[in-house]
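The structure file run-v5.cif is reproduced below (mmCIF, C-alpha atoms).
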```cif
data_data
loop_
_atom_site.group_PDB
_atom_site.id
_atom_site.type_symbol
_atom_site.label_atom_id
_atom_site.label_comp_id
_atom_site.auth_asym_id
_atom_site.auth_seq_id
_atom_site.Cartn_x
_atom_site.Cartn_y
_atom_site.Cartn_z
ATOM 1 C CA MET A 1 57.791 -1.312 28.781
ATOM 2 C CA ALA A 2 58.386 1.325 26.141
ATOM 3 C CA ILE A 3 60.027 1.456 22.723
ATOM 4 C CA ALA A 4 63.416 3.137 22.891
ATOM 5 C CA VAL A 5 65.215 4.582 19.900
ATOM 6 C CA HIS A 6 68.977 4.306 20.292
ATOM 7 C CA ARG A 7 71.382 6.935 19.013
ATOM 8 C CA ASN A 8 72.482 4.679 16.152
ATOM 9 C CA GLY A 9 68.884 4.501 14.922
ATOM 10 C CA SER A 10 68.096 0.967 16.114
ATOM 11 C CA LEU A 11 64.938 0.174 18.030
ATOM 12 C CA SER A 12 64.640 -1.994 21.103
ATOM 13 C CA ALA A 13 62.291 -2.555 24.000
ATOM 14 C CA VAL A 14 63.538 -1.200 27.298
ATOM 15 C CA SER A 15 62.033 -1.244 30.743
ATOM 16 C CA LEU A 16 60.737 2.211 31.586
ATOM 17 C CA GLN A 17 58.828 1.232 34.671
ATOM 18 C CA GLY A 18 60.244 4.233 36.466
ATOM 19 C CA PHE A 19 61.997 7.574 36.060
ATOM 20 C CA VAL A 20 64.631 9.165 38.277
ATOM 21 C CA LEU A 21 63.852 12.732 39.334
ATOM 22 C CA VAL A 22 67.278 14.399 39.480
ATOM 23 C CA GLY A 23 65.941 17.426 41.346
ATOM 24 C CA PHE A 24 68.363 20.160 42.422
ATOM 25 C CA GLY A 25 71.445 18.018 43.054
ATOM 26 C CA GLY A 26 73.906 18.727 45.846
ATOM 27 C CA GLY A 27 74.993 16.764 48.896
ATOM 28 C CA SER A 28 73.037 15.591 51.920
ATOM 29 C CA GLU A 29 73.231 19.019 53.596
ATOM 30 C CA THR A 30 71.761 20.720 50.522
ATOM 31 C CA GLN A 31 69.004 18.118 50.322
ATOM 32 C CA ALA A 32 68.202 18.587 54.022
ATOM 33 C CA LEU A 33 68.006 22.374 53.564
ATOM 34 C CA LEU A 34 65.746 21.993 50.516
ATOM 35 C CA PHE A 35 63.569 19.559 52.476
ATOM 36 C CA ALA A 36 63.144 22.116 55.268
ATOM 37 C CA VAL A 37 62.341 24.951 52.835
ATOM 38 C CA PHE A 38 59.832 22.869 50.851
ATOM 39 C CA LEU A 39 58.233 21.552 54.052
ATOM 40 C CA VAL A 40 57.676 25.057 55.448
ATOM 41 C CA LEU A 41 56.293 26.319 52.130
ATOM 42 C CA TYR A 42 53.945 23.353 51.815
ATOM 43 C CA MET A 43 52.708 23.508 55.423
ATOM 44 C CA VAL A 44 51.934 27.241 55.103
ATOM 45 C CA THR A 45 50.206 26.535 51.757
ATOM 46 C CA VAL A 46 48.004 23.822 53.252
ATOM 47 C CA LEU A 47 47.186 25.826 56.385
ATOM 48 C CA GLY A 48 46.442 29.056 54.505
ATOM 49 C CA ASN A 49 44.262 27.533 51.803
ATOM 50 C CA LEU A 50 42.368 25.268 54.205
ATOM 51 C CA THR A 51 41.713 28.305 56.405
ATOM 52 C CA MET A 52 40.292 30.237 53.438
ATOM 53 C CA ILE A 53 38.047 27.314 52.472
ATOM 54 C CA VAL A 54 36.753 26.848 56.041
ATOM 55 C CA VAL A 55 36.200 30.573 56.689
ATOM 56 C CA ILE A 56 34.322 31.144 53.413
ATOM 57 C CA THR A 57 32.224 28.011 53.967
ATOM 58 C CA LEU A 58 31.257 28.822 57.579
ATOM 59 C CA ASP A 59 30.712 32.588 57.319
ATOM 60 C CA THR A 60 27.387 33.308 55.609
ATOM 61 C CA ARG A 61 28.432 36.910 54.899
ATOM 62 C CA LEU A 62 31.004 35.549 52.473
ATOM 63 C CA HIS A 63 28.478 33.492 50.499
ATOM 64 C CA SER A 64 28.776 35.618 47.367
ATOM 65 C CA PRO A 65 30.118 34.891 43.857
ATOM 66 C CA MET A 66 33.490 36.544 44.553
ATOM 67 C CA TYR A 67 34.165 34.356 47.574
ATOM 68 C CA PHE A 68 32.753 31.293 45.856
ATOM 69 C CA PHE A 69 35.451 31.716 43.203
ATOM 70 C CA LEU A 70 38.059 32.488 45.864
ATOM 71 C CA LYS A 71 37.181 29.272 47.701
ATOM 72 C CA ASN A 72 37.640 27.333 44.470
ATOM 73 C CA LEU A 73 40.981 29.082 43.892
ATOM 74 C CA SER A 74 42.120 27.967 47.351
ATOM 75 C CA PHE A 75 40.987 24.410 46.587
ATOM 76 C CA VAL A 76 42.900 24.372 43.271
ATOM 77 C CA ASP A 77 46.030 25.827 44.931
ATOM 78 C CA LEU A 78 45.831 23.230 47.682
ATOM 79 C CA CYS A 79 45.438 20.354 45.220
ATOM 80 C CA TYR A 80 48.072 21.306 42.697
ATOM 81 C CA SER A 81 50.748 22.039 45.287
ATOM 82 C CA SER A 82 49.848 18.650 46.810
ATOM 83 C CA ALA A 83 50.424 17.017 43.417
ATOM 84 C CA ILE A 84 54.076 18.118 43.603
ATOM 85 C CA ALA A 85 55.271 18.779 47.160
ATOM 86 C CA PRO A 86 54.802 15.400 48.941
ATOM 87 C CA ASN A 87 56.732 13.481 46.280
ATOM 88 C CA ALA A 88 59.450 16.163 46.185
ATOM 89 C CA LEU A 89 59.784 16.024 49.985
ATOM 90 C CA ALA A 90 60.123 12.232 49.890
ATOM 91 C CA ASN A 91 62.807 12.453 47.193
ATOM 92 C CA PHE A 92 64.901 14.898 49.239
ATOM 93 C CA LEU A 93 65.267 12.129 51.841
ATOM 94 C CA SER A 94 65.657 9.310 49.321
ATOM 95 C CA THR A 95 68.755 8.078 47.519
ATOM 96 C CA SER A 96 66.885 6.506 44.591
ATOM 97 C CA LYS A 97 64.463 9.396 43.772
ATOM 98 C CA VAL A 98 62.449 7.035 41.581
ATOM 99 C CA ILE A 99 58.909 7.676 40.353
ATOM 100 C CA SER A 100 57.023 5.007 38.427
ATOM 101 C CA PHE A 101 56.088 5.470 34.765
ATOM 102 C CA ALA A 102 52.387 5.523 35.686
ATOM 103 C CA GLY A 103 53.073 7.794 38.654
ATOM 104 C CA CYS A 104 54.926 10.253 36.437
ATOM 105 C CA ALA A 105 52.089 10.345 33.900
ATOM 106 C CA THR A 106 49.543 10.793 36.704
ATOM 107 C CA GLN A 107 51.517 13.620 38.296
ATOM 108 C CA LEU A 108 51.862 15.412 34.952
ATOM 109 C CA PHE A 109 48.149 14.987 34.222
ATOM 110 C CA PHE A 110 46.939 16.443 37.526
ATOM 111 C CA PHE A 111 49.544 19.196 37.629
ATOM 112 C CA SER A 112 48.637 20.320 34.104
ATOM 113 C CA LEU A 113 44.915 20.016 34.875
ATOM 114 C CA LEU A 114 45.071 22.122 38.036
ATOM 115 C CA ALA A 115 47.541 24.736 36.755
ATOM 116 C CA THR A 116 45.430 25.330 33.626
ATOM 117 C CA THR A 117 42.262 25.440 35.740
ATOM 118 C CA GLU A 118 43.841 28.171 37.870
ATOM 119 C CA ALA A 119 44.649 30.235 34.766
ATOM 120 C CA PHE A 120 41.006 30.076 33.632
ATOM 121 C CA LEU A 121 39.721 30.650 37.165
ATOM 122 C CA LEU A 122 41.721 33.860 37.575
ATOM 123 C CA ALA A 123 40.147 35.130 34.347
ATOM 124 C CA VAL A 124 36.672 34.214 35.621
ATOM 125 C CA MET A 125 37.377 36.077 38.870
ATOM 126 C CA ALA A 126 38.333 39.171 36.847
ATOM 127 C CA TYR A 127 35.057 38.902 34.898
ATOM 128 C CA ASP A 128 33.166 38.608 38.181
ATOM 129 C CA ARG A 129 34.752 41.845 39.467
ATOM 130 C CA PHE A 130 33.979 43.528 36.141
ATOM 131 C CA MET A 131 30.277 42.620 36.414
ATOM 132 C CA ALA A 132 30.097 43.609 40.101
ATOM 133 C CA ILE A 133 31.683 47.036 39.619
ATOM 134 C CA CYS A 134 30.650 48.021 36.093
ATOM 135 C CA SER A 135 27.136 46.498 36.040
ATOM 136 C CA PRO A 136 26.022 46.356 39.696
ATOM 137 C CA LEU A 137 22.290 46.295 38.873
ATOM 138 C CA ARG A 138 22.616 43.314 36.530
ATOM 139 C CA TYR A 139 25.207 41.549 38.717
ATOM 140 C CA PRO A 140 22.829 39.484 40.931
ATOM 141 C CA VAL A 141 21.055 38.105 37.856
ATOM 142 C CA THR A 142 24.129 37.623 35.672
ATOM 143 C CA MET A 143 26.255 35.976 38.378
ATOM 144 C CA CYS A 144 23.581 33.757 39.900
ATOM 145 C CA PRO A 145 24.675 30.525 41.658
ATOM 146 C CA THR A 146 23.943 28.411 38.571
ATOM 147 C CA THR A 147 26.095 30.641 36.354
ATOM 148 C CA CYS A 148 28.920 30.626 38.907
ATOM 149 C CA ALA A 149 28.849 26.832 39.114
ATOM 150 C CA ARG A 150 28.914 26.561 35.311
ATOM 151 C CA LEU A 151 31.847 28.952 35.054
ATOM 152 C CA VAL A 152 33.849 26.940 37.593
ATOM 153 C CA LEU A 153 32.944 23.697 35.834
ATOM 154 C CA GLY A 154 34.107 25.275 32.574
ATOM 155 C CA THR A 155 37.508 26.082 34.083
ATOM 156 C CA TYR A 156 37.953 22.431 35.094
ATOM 157 C CA CYS A 157 36.852 21.233 31.642
ATOM 158 C CA GLY A 158 39.364 23.566 29.969
ATOM 159 C CA GLY A 159 42.090 22.335 32.319
ATOM 160 C CA CYS A 160 41.194 18.714 31.662
ATOM 161 C CA LEU A 161 41.315 19.196 27.892
ATOM 162 C CA ASN A 162 44.764 20.788 27.980
ATOM 163 C CA SER A 163 46.005 18.133 30.392
ATOM 164 C CA ILE A 164 44.814 15.263 28.196
ATOM 165 C CA VAL A 165 46.508 16.761 25.122
ATOM 166 C CA GLN A 166 49.825 17.487 26.869
ATOM 167 C CA THR A 167 50.018 14.171 28.755
ATOM 168 C CA SER A 168 49.016 11.952 25.808
ATOM 169 C CA LEU A 169 51.394 13.670 23.358
ATOM 170 C CA THR A 170 54.283 13.510 25.823
ATOM 171 C CA PHE A 171 53.901 9.860 26.808
ATOM 172 C CA LYS A 172 53.419 8.696 23.224
ATOM 173 C CA LEU A 173 57.042 9.648 22.543
ATOM 174 C CA PRO A 174 59.705 6.917 22.385
ATOM 175 C CA PHE A 175 62.254 7.545 25.139
ATOM 176 C CA CYS A 176 65.967 6.783 25.238
ATOM 177 C CA SER A 177 67.304 4.202 27.665
ATOM 178 C CA SER A 178 68.170 7.120 29.970
ATOM 179 C CA ASN A 179 65.349 7.698 32.438
ATOM 180 C CA ARG A 180 66.795 10.621 34.411
ATOM 181 C CA ILE A 181 64.413 13.614 34.463
ATOM 182 C CA ASP A 182 66.269 16.874 35.068
ATOM 183 C CA HIS A 183 63.594 18.283 37.372
ATOM 184 C CA PHE A 184 62.009 17.718 40.801
ATOM 185 C CA TYR A 185 58.676 16.628 39.317
ATOM 186 C CA CYS A 186 57.325 15.297 36.020
ATOM 187 C CA ASP A 187 56.728 18.119 33.555
ATOM 188 C CA VAL A 188 56.593 18.345 29.769
ATOM 189 C CA PRO A 189 59.863 20.265 29.054
ATOM 190 C CA PRO A 190 62.242 17.884 30.934
ATOM 191 C CA LEU A 191 60.418 14.824 29.584
ATOM 192 C CA LEU A 192 60.863 16.064 26.013
ATOM 193 C CA GLN A 193 64.619 16.088 26.608
ATOM 194 C CA LEU A 194 64.526 12.295 27.062
ATOM 195 C CA ALA A 195 62.896 11.665 23.683
ATOM 196 C CA CYS A 196 65.004 10.159 20.894
ATOM 197 C CA VAL A 197 62.859 11.532 18.091
ATOM 198 C CA SER A 198 62.062 15.066 17.004
ATOM 199 C CA THR A 199 59.926 16.860 19.571
ATOM 200 C CA ALA A 200 59.139 19.802 17.294
ATOM 201 C CA LEU A 201 55.439 18.915 17.163
ATOM 202 C CA ASN A 202 55.254 18.569 20.948
ATOM 203 C CA GLU A 203 57.047 21.866 21.459
ATOM 204 C CA LEU A 204 54.710 23.500 18.951
ATOM 205 C CA PHE A 205 51.691 22.225 20.886
ATOM 206 C CA LEU A 206 53.248 23.230 24.215
ATOM 207 C CA PHE A 207 54.069 26.734 22.995
ATOM 208 C CA GLY A 208 50.876 27.130 20.959
ATOM 209 C CA LEU A 209 48.317 25.734 23.410
ATOM 210 C CA CYS A 210 49.863 27.191 26.569
ATOM 211 C CA GLY A 211 50.502 30.468 24.777
ATOM 212 C CA PHE A 212 46.879 30.638 23.654
ATOM 213 C CA ILE A 213 45.593 29.905 27.170
ATOM 214 C CA ILE A 214 47.872 32.447 28.825
ATOM 215 C CA VAL A 215 47.341 35.194 26.235
ATOM 216 C CA SER A 216 43.539 34.741 26.066
ATOM 217 C CA THR A 217 43.079 34.664 29.844
ATOM 218 C CA THR A 218 45.488 37.578 30.300
ATOM 219 C CA LEU A 219 43.532 39.603 27.725
ATOM 220 C CA ALA A 220 40.304 38.792 29.556
ATOM 221 C CA VAL A 221 41.859 40.034 32.807
ATOM 222 C CA LEU A 222 43.299 43.193 31.213
ATOM 223 C CA VAL A 223 40.053 44.111 29.446
ATOM 224 C CA SER A 224 38.046 43.511 32.633
ATOM 225 C CA TYR A 225 40.384 45.637 34.729
ATOM 226 C CA GLY A 226 40.547 48.304 32.041
ATOM 227 C CA TYR A 227 36.790 48.829 32.374
ATOM 228 C CA ILE A 228 37.046 48.520 36.170
ATOM 229 C CA THR A 229 39.730 51.228 36.350
ATOM 230 C CA VAL A 230 37.633 53.633 34.280
ATOM 231 C CA THR A 231 34.607 52.948 36.497
ATOM 232 C CA ILE A 232 36.620 53.465 39.703
ATOM 233 C CA LEU A 233 38.013 56.785 38.491
ATOM 234 C CA ARG A 234 34.455 58.009 37.912
ATOM 235 C CA MET A 235 33.428 57.213 41.498
ATOM 236 C CA HIS A 236 32.775 60.232 43.724
ATOM 237 C CA SER A 237 32.991 58.318 47.012
ATOM 238 C CA GLY A 238 36.551 58.102 48.320
ATOM 239 C CA SER A 239 35.780 55.215 50.693
ATOM 240 C CA GLY A 240 34.045 53.244 47.952
ATOM 241 C CA ARG A 241 36.981 53.808 45.609
ATOM 242 C CA HIS A 242 39.430 52.644 48.290
ATOM 243 C CA LYS A 243 37.428 49.456 48.975
ATOM 244 C CA VAL A 244 37.253 48.572 45.296
ATOM 245 C CA PHE A 245 40.957 49.242 44.781
ATOM 246 C CA SER A 246 41.780 47.061 47.797
ATOM 247 C CA THR A 247 39.711 44.122 46.540
ATOM 248 C CA CYS A 248 40.894 44.398 42.939
ATOM 249 C CA GLY A 249 44.489 45.015 43.983
ATOM 250 C CA SER A 250 44.609 41.616 45.705
ATOM 251 C CA HIS A 251 43.399 39.891 42.564
ATOM 252 C CA MET A 252 45.798 41.768 40.278
ATOM 253 C CA MET A 253 48.736 40.834 42.516
ATOM 254 C CA ALA A 254 47.797 37.129 42.364
ATOM 255 C CA VAL A 255 47.250 37.334 38.585
ATOM 256 C CA SER A 256 50.606 39.044 37.954
ATOM 257 C CA LEU A 257 52.543 36.476 39.991
ATOM 258 C CA PHE A 258 50.883 33.465 38.388
ATOM 259 C CA TYR A 259 50.791 34.549 34.745
ATOM 260 C CA GLY A 260 54.282 36.047 34.893
ATOM 261 C CA THR A 261 55.998 32.867 36.072
ATOM 262 C CA VAL A 262 53.945 30.526 33.853
ATOM 263 C CA PHE A 263 54.620 32.689 30.780
ATOM 264 C CA VAL A 264 58.381 32.562 31.378
ATOM 265 C CA MET A 265 58.244 28.770 31.747
ATOM 266 C CA TYR A 266 55.869 27.663 28.996
ATOM 267 C CA ALA A 267 54.784 30.424 26.611
ATOM 268 C CA GLN A 268 58.066 31.523 25.093
ATOM 269 C CA PRO A 269 60.249 29.800 22.465
ATOM 270 C CA GLY A 270 63.309 28.074 23.936
ATOM 271 C CA ALA A 271 61.687 27.556 27.341
ATOM 272 C CA VAL A 272 62.231 23.797 27.034
ATOM 273 C CA ALA A 273 66.020 24.177 26.954
ATOM 274 C CA SER A 274 66.458 26.268 30.141
ATOM 275 C CA MET A 275 65.926 23.635 32.819
ATOM 276 C CA ALA A 276 68.186 25.199 35.485
ATOM 277 C CA GLN A 277 66.158 28.405 35.417
ATOM 278 C CA GLY A 278 62.974 26.384 35.037
ATOM 279 C CA LYS A 279 63.457 24.590 38.363
ATOM 280 C CA VAL A 280 63.605 27.864 40.291
ATOM 281 C CA ILE A 281 60.597 29.268 38.420
ATOM 282 C CA SER A 282 58.722 26.018 39.044
ATOM 283 C CA VAL A 283 59.191 26.379 42.805
ATOM 284 C CA PHE A 284 57.480 29.757 42.496
ATOM 285 C CA TYR A 285 54.288 28.613 40.791
ATOM 286 C CA THR A 286 54.005 25.202 42.470
ATOM 287 C CA LEU A 287 54.622 26.283 46.077
ATOM 288 C CA VAL A 288 55.293 29.993 46.586
ATOM 289 C CA ILE A 289 52.260 31.356 44.709
ATOM 290 C CA PRO A 290 49.774 28.859 46.265
ATOM 291 C CA MET A 291 51.225 29.891 49.641
ATOM 292 C CA LEU A 292 50.956 33.622 48.896
ATOM 293 C CA ASN A 293 47.424 33.642 47.453
ATOM 294 C CA PRO A 294 45.544 33.144 50.762
ATOM 295 C CA LEU A 295 47.884 35.646 52.459
ATOM 296 C CA ILE A 296 47.272 38.223 49.715
ATOM 297 C CA TYR A 297 43.496 37.827 49.875
ATOM 298 C CA SER A 298 43.253 37.714 53.675
ATOM 299 C CA LEU A 299 45.699 40.501 54.542
ATOM 300 C CA ARG A 300 44.360 42.927 51.919
ATOM 301 C CA ASN A 301 40.665 42.062 52.254
ATOM 302 C CA LYS A 302 38.682 43.567 55.134
ATOM 303 C CA ASP A 303 35.755 41.144 54.710
ATOM 304 C CA VAL A 304 38.038 38.117 55.098
ATOM 305 C CA LYS A 305 39.820 39.640 58.111
ATOM 306 C CA ASP A 306 36.461 40.399 59.744
ATOM 307 C CA ALA A 307 35.287 36.846 59.033
ATOM 308 C CA LEU A 308 38.443 35.445 60.632
ATOM 309 C CA GLN A 309 37.804 37.582 63.726
ATOM 310 C CA ARG A 310 34.171 36.420 63.939
ATOM 311 C CA LEU A 311 35.257 32.804 63.589
ATOM 312 C CA GLY A 312 37.860 33.294 66.334
ATOM 313 C CA GLN A 313 35.309 34.929 68.641
ATOM 314 C CA ARG A 314 32.802 32.142 67.983
ATOM 315 C CA HIS A 315 35.464 29.545 68.802
ATOM 316 C CA SER A 316 36.306 31.374 72.059
ATOM 317 C CA LEU A 317 32.638 31.478 73.098
ATOM 318 C CA VAL A 318 32.251 27.759 72.391
ATOM 319 C CA LYS A 319 35.303 26.990 74.530
ATOM 320 C CA ARG A 320 33.992 29.126 77.388
ATOM 321 C CA GLY A 321 30.586 27.498 77.127
ATOM 322 C CA GLY A 322 32.202 24.075 77.303
ATOM 323 C CA LYS A 323 33.888 25.003 80.579
#
```
Once more with this new file: its structure as structure tokens, please.
Amino acid sequence: MAIAVHRNGSLSAVSLQGFVLVGFGGGSETQALLFAVFLVLYMVTVLGNLTMIVVITLDTRLHSPMYFFLKNLSFVDLCYSSAIAPNALANFLSTSKVISFAGCATQLFFFSLLATTEAFLLAVMAYDRFMAICSPLRYPVTMCPTTCARLVLGTYCGGCLNSIVQTSLTFKLPFCSSNRIDHFYCDVPPLLQLACVSTALNELFLFGLCGFIIVSTTLAVLVSYGYITVTILRMHSGSGRHKVFSTCGSHMMAVSLFYGTVFVMYAQPGAVASMAQGKVISVFYTLVIPMLNPLIYSLRNKDVKDALQRLGQRHSLVKRGGK
């Protein structure tokens, strides 16, 4: 149950045991097409990120800080796309499209937690590249396993803090008797549209906190890559310069895709009101980017491609030995 504030100003208790996720609308053919698109995106996301996790875990040559962070990025991508996609797929085939009140709050909490963690993790990965390229002699000491573990733990703690703030502020609001969420998953902007009181404070926190996270992590990435670029340009070895550009180029591509879409959705005034555009953007950072990240890092990274080949050869030898 929740307290609802009616348009005439009266208060009453209404049953808000569930919300209806409106999604993209359209007839059964549109829903079937969306189901197929989301299913393909999700399957490629799961396969790609699981492959990255397995390859980095099994290949000892990839047991370095950079690949430790990359493995965690794959884990976060896998989890936060899984917080959205299965429920969305079920709703495409359902006529009710209902999600429980507790389920909605849980989905928002984990989505916010994992998306914020990814923002911090991308900044940590930029710092790792900065230390490796600009301070190679100090790198093994500075980025020791304990430090790497603490940095990853810090990204989860930052994500958890933001998630607690956003989820608690959102679900403390009194909602109208309407329970139709104009989105395909539970997120802060569409939920604020259901509130019958002023959401100025919530929007201020959404814009302020998300803006601070995005701007601070983006600055960390830009400063790191500013120093990296200067260091690369001073290199005399052409092959070494090419290898560094290849590795850093993969990371910059992932960073640009993620921060660009999240900034458009959350870190600009008026983002709450543009739900039609928001749905398309949301597909990008909930499914497309988690799908692209392992492809970007594997196709542009020679070490990962070599590791995949070694793993394939090892699997072939095991199969031959079994025969």
If you count all atoms listed in the file, which residues fall within 10 Å of Cys134 of chain A, apart from same-chain ones fewer than 2 positions away, as a ChimeraX atom specification? /A:128-132,136-139,224,227-232
The PyMOL selection byres ((chain A and resi 152-169) around 9) on the file shown: which residues, as a ChimeraX atom specification? /A:69,72,105-106,108-121,124,147-151,170-173,188,202,205-206,209-210
When the PyMOL selection byres ((chain A and resi 34-49) around 9) is applied to the structure above, which residues does it catch, written out as number ranges by chain? A: 24, 29-33, 50-54, 71, 73-75, 77-78, 81-82, 85-86, 88-93, 283, 287-295
Distance of atom CA of Ile133 of chain A from atom CA of Ile214 of chain A, expressed in Å to one decimal place: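 Here the two named atoms are 24.3 Å from each other.
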How far is it from atom CA of Tyr80 of chain A to atom CA of Ile281 of chain A, in Å with one decimal? 15.4 Å
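Distances from A:Ser298, A:Ala220, A:Ala102, A:Thr146 to Tyr67 of chain A were compared using only C-alpha atoms, and the smallest one belongs to A:Ser298.
In terms of minimum interatomic distance to Val98 of chain A, A:Gly18 ranks closest within A:Gly18, A:Pro140, A:Gly249, A:Pro174, counting all atoms listed in the file.
From atom CA of Thr218 of chain A back to atom CA of Met252 of chain A, the distance works out to 10.8 Å.
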Nearest to Pro145 of chain A: which of A:Cys79, A:Phe19, A:Pro65, A:Tyr297 is it, counting all atoms listed in the file? A:Pro65
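Residue nearest His251 of chain A within the list A:Tyr127, A:Tyr285, A:Phe212, A:Phe101: A:Tyr127 [criterion: smallest interatomic distance, all atoms listed in the file].
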